[in-house]
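Novice: Below you'll find the structure I mean.
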Amino acid sequence: MIENLTGEVHRPGRIEVVCGSMFSGKTEELIRRLKRARIARQAVMIFKPAIDNRYSKVDVVSHDHNSILSTPIKDASSMLKAAQGYDVIGIDEAQFFDDSLIGVCNRLAYHGMRVIVAGLDMDYLGQPFGPMPQLLAIADEVTKVHAICVKCGSLAYASHRLVKSNAQVMLGEKEEYEPLCRDCFKKAIEEDQRNARSKSLFDQ
């Protein structure tokens with residue numbers, strides 16, 4: 001590792017994963033690391049899934065509205081050619097890509113690039129989300145960030161969906177999701193299940 005005059009360490013050939021629930025600051029941390037890399041005069045390229053256009057079609061934007069220009073792509077394999085010649089690769093909302101992202105991140109890291117990935121580690125049911133479990137396994141460094149539970153003020157564990165939908169992938173904000181601690185999340189899921197059973201009985 002080589003530390004330059006800005007204090008930023010140039011660490012080639014590694015994978016860093018930032019994970020957590022919604023509203024936990026994952027994208028904020030991703031942007032912070034990428035901006036520091038740019039200050040360190042490293043060549044930076046940022047990717048995001050094309051389906052995520054909540055704030056911008058091209059920018060990676062945090063919930064606090066900090067942003068950085070990115071390249072929207074439909075599949076992870078598109079990164080390989082586009083990333084050539086860069087020192088640092090940022091990937092936001094990694095859970096929306098398929099499992100090919102794992103091999104792509106490994107290839108980039110083995111080619112000497114620092115790969116910084118941000119994404120939800122669990123879906124709205126508290127289940128591992130997309131390629132994130134495998135990325136956590138192969139990462140050189142994992143940072144789990146936490147939102148605050150909106151029910152009790154503890155550290156949030158998962159993202160609870162507030163609207164009725166069984167789709168694993170559903171873009172949303174505070175109207176659609178809330179961060180909850182493990183205990184409050186368990187209670188919320190149980191309440192959702194009771195409501196679903198009641199509705200089913202009523203429809204019979």
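Identifiers for the structure tokens are assigned positionally: chains receive A, B, ... in sequence, residues are indexed from 1 per chain, and ligands are indexed from 1 in the order shown.
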Got a sec: who's within 9 Å of Ser100 in chain A, counting only C-alpha atoms, leaving out chain neighbours fewer than 6 positions off, as a count of residues only?

Specialist: 4

Novice: Give me, as an NGL selection string, the residues of range 18-163 of chain A that a backbone DSSP run labels strand (DSSP E).

Specialist: :A and (18-20 or 44-49 or 59-61 or 67-69 or 71-73 or 88-91 or 114-120 or 141-144 or 158-161)

Novice: Interatomic distance between CA of Tyr110 in chain A and CA of Gly25 in chain A?

Specialist: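 Distance reported for this atom pair: 27.9 Å.
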
Novice: Smallest atom-to-atom distance to Ala158 in chain A: which of A:Ala139, A:Cys105, A:Met45, A:Cys181, using only C-alpha atoms?

Specialist: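 Of A:Ala139, A:Cys105, A:Met45, A:Cys181, the one nearest Ala158 in chain A, counting only C-alpha atoms, is A:Cys181.
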
Novice: Can you tell me which residues surround Pro12 in chain A at a distance of at most 10 Å, considering only C-alpha atoms, apart from same-chain residues fewer than 6 positions away, and format the answer as a list in words?

Specialist: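 Contacts, in chain order: Met1, Ile2, Asp87, Val88, Leu108, Ala109, Tyr110, His111, Gly112, Met113, Arg114 and Val115 of chain A.
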
Novice: Write a file of the selected residues as a PDB file, in the first residue's frame, keeping C-alpha atoms.

Specialist:
```pdb
ATOM      1  CA  MET A   1       0.000   0.000   0.000  1.00  0.00           C
ATOM      2  CA  ILE A   2       1.260   3.487  -0.870  1.00  0.00           C
ATOM      3  CA  ASP A  87      -7.600   2.854 -10.587  1.00  0.00           C
ATOM      4  CA  VAL A  88     -10.816   2.826  -8.543  1.00  0.00           C
ATOM      5  CA  LEU A 108     -11.307  -6.086 -11.707  1.00  0.00           C
ATOM      6  CA  ALA A 109      -9.543  -6.636  -8.387  1.00  0.00           C
ATOM      7  CA  TYR A 110      -7.154  -9.196  -9.885  1.00  0.00           C
ATOM      8  CA  HIS A 111      -6.297  -6.595 -12.527  1.00  0.00           C
ATOM      9  CA  GLY A 112      -5.100  -4.284  -9.758  1.00  0.00           C
ATOM     10  CA  MET A 113      -8.188  -2.126  -9.294  1.00  0.00           C
ATOM     11  CA  ARG A 114      -9.725  -1.023  -6.026  1.00  0.00           C
ATOM     12  CA  VAL A 115     -13.406  -1.966  -6.248  1.00  0.00           C
TER      13      VAL A 115
END
```

Novice: Apply DSSP to the structure's backbone, then extract all residues of range 57-199 of chain A labelled helix (DSSP H, G or I) and return them as a count of residues only.

Specialist: 44

Novice: From the set A:Ser78, A:Ser198, A:Gln134, A:Ser21, which residue has the shortest atom-to-atom contact distance to Arg161 in chain A, counting only C-alpha atoms?

Specialist: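 So, comparing all the options, the nearest one is A:Ser21.
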
Novice: Have a look at CA of Leu101 in chain A and CA of Leu135 in chain A and let me know their distance in Å, one decimal.

Specialist: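 Computed distance, CA of Leu101 in chain A to CA of Leu135 in chain A, equals 8.4 Å.
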
Novice: Of the candidates A:Ile51, A:Ile89, A:Ile15, A:Val150, which one gets nearest to Pro72 in chain A if we count only C-alpha atoms?

Specialist: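 When distances to Pro72 in chain A are compared using only C-alpha atoms, the smallest one comes from A:Ile51.
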
Novice: Mind checking which residues fall within 9 Å of range 184-186 of chain A, counting only C-alpha atoms, ignoring those fewer than 6 positions away in the same chain, and posting them as a list in words?

Specialist: Gly126, Cys149, Lys151, Cys152, Ala156, Tyr157, Ala158, Ser159 and His160 of chain A

Novice: Here is a test: counting only C-alpha atoms, which residue of A:Ala188, A:Val142, A:Val104, A:Ile91 is nearest to Val18 in chain A?

Specialist: A:Val142

Novice: So, counting only C-alpha atoms, which residue among A:Lys48, A:Lys35, A:Arg182, A:Lys26 is closest to Ser70 in chain A?

Specialist: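 Under the stated criterion, the closest residue is A:Lys48.
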
Novice: So which one's closest to Tyr177 in chain A, A:Met22, A:Val117, A:Ala37, A:Val17? Using only C-alpha atoms, please.

Specialist: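 Distance minimum relative to Tyr177 in chain A lands on A:Met22.
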
Novice: List as an mmCIF file with C-alpha atoms, in the first residue's frame the protein and nucleic acid residues near Arg38 in chain A, meaning an atom at most 12 Å away when only C-alpha atoms are counted, but skip any in the same chain fewer than 2 places from it.

Specialist:
```cif
data_model
loop_
_atom_site.group_PDB
_atom_site.id
_atom_site.type_symbol
_atom_site.label_atom_id
_atom_site.label_comp_id
_atom_site.auth_asym_id
_atom_site.auth_seq_id
_atom_site.Cartn_x
_atom_site.Cartn_y
_atom_site.Cartn_z
ATOM 1 C CA THR A 6 -3.406 13.638 0.736
ATOM 2 C CA GLU A 8 -5.443 8.563 0.904
ATOM 3 C CA VAL A 9 -3.991 5.101 0.595
ATOM 4 C CA HIS A 10 -3.653 3.660 -2.901
ATOM 5 C CA ILE A 31 -19.370 8.775 -2.548
ATOM 6 C CA ARG A 32 -17.027 9.821 0.271
ATOM 7 C CA ARG A 33 -14.466 7.153 -0.629
ATOM 8 C CA LEU A 34 -14.666 7.904 -4.339
ATOM 9 C CA LYS A 35 -14.221 11.642 -3.832
ATOM 10 C CA ARG A 36 -11.186 11.000 -1.616
ATOM 11 C CA ALA A 40 -5.629 11.548 -4.379
ATOM 12 C CA ARG A 41 -5.456 11.908 -8.173
ATOM 13 C CA GLN A 42 -6.623 8.384 -8.833
ATOM 14 C CA ALA A 43 -8.713 7.669 -11.923
ATOM 15 C CA VAL A 44 -12.242 6.838 -10.744
ATOM 16 C CA MET A 45 -15.159 5.236 -12.605
ATOM 17 C CA ILE A 46 -18.608 4.782 -11.013
ATOM 18 C CA ILE A 68 -21.367 11.939 -8.105
ATOM 19 C CA TYR A 86 -9.061 3.256 -14.081
ATOM 20 C CA ASP A 87 -7.600 2.854 -10.587
ATOM 21 C CA VAL A 88 -10.816 2.826 -8.543
ATOM 22 C CA ILE A 89 -14.211 1.394 -9.498
ATOM 23 C CA GLY A 90 -17.361 2.332 -7.566
#
```

Novice: In Å to one decimal, how far is CA of Phe96 in chain A from CA of Arg194 in chain A?

Specialist: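 Between these atoms lies a distance of 29.2 Å.
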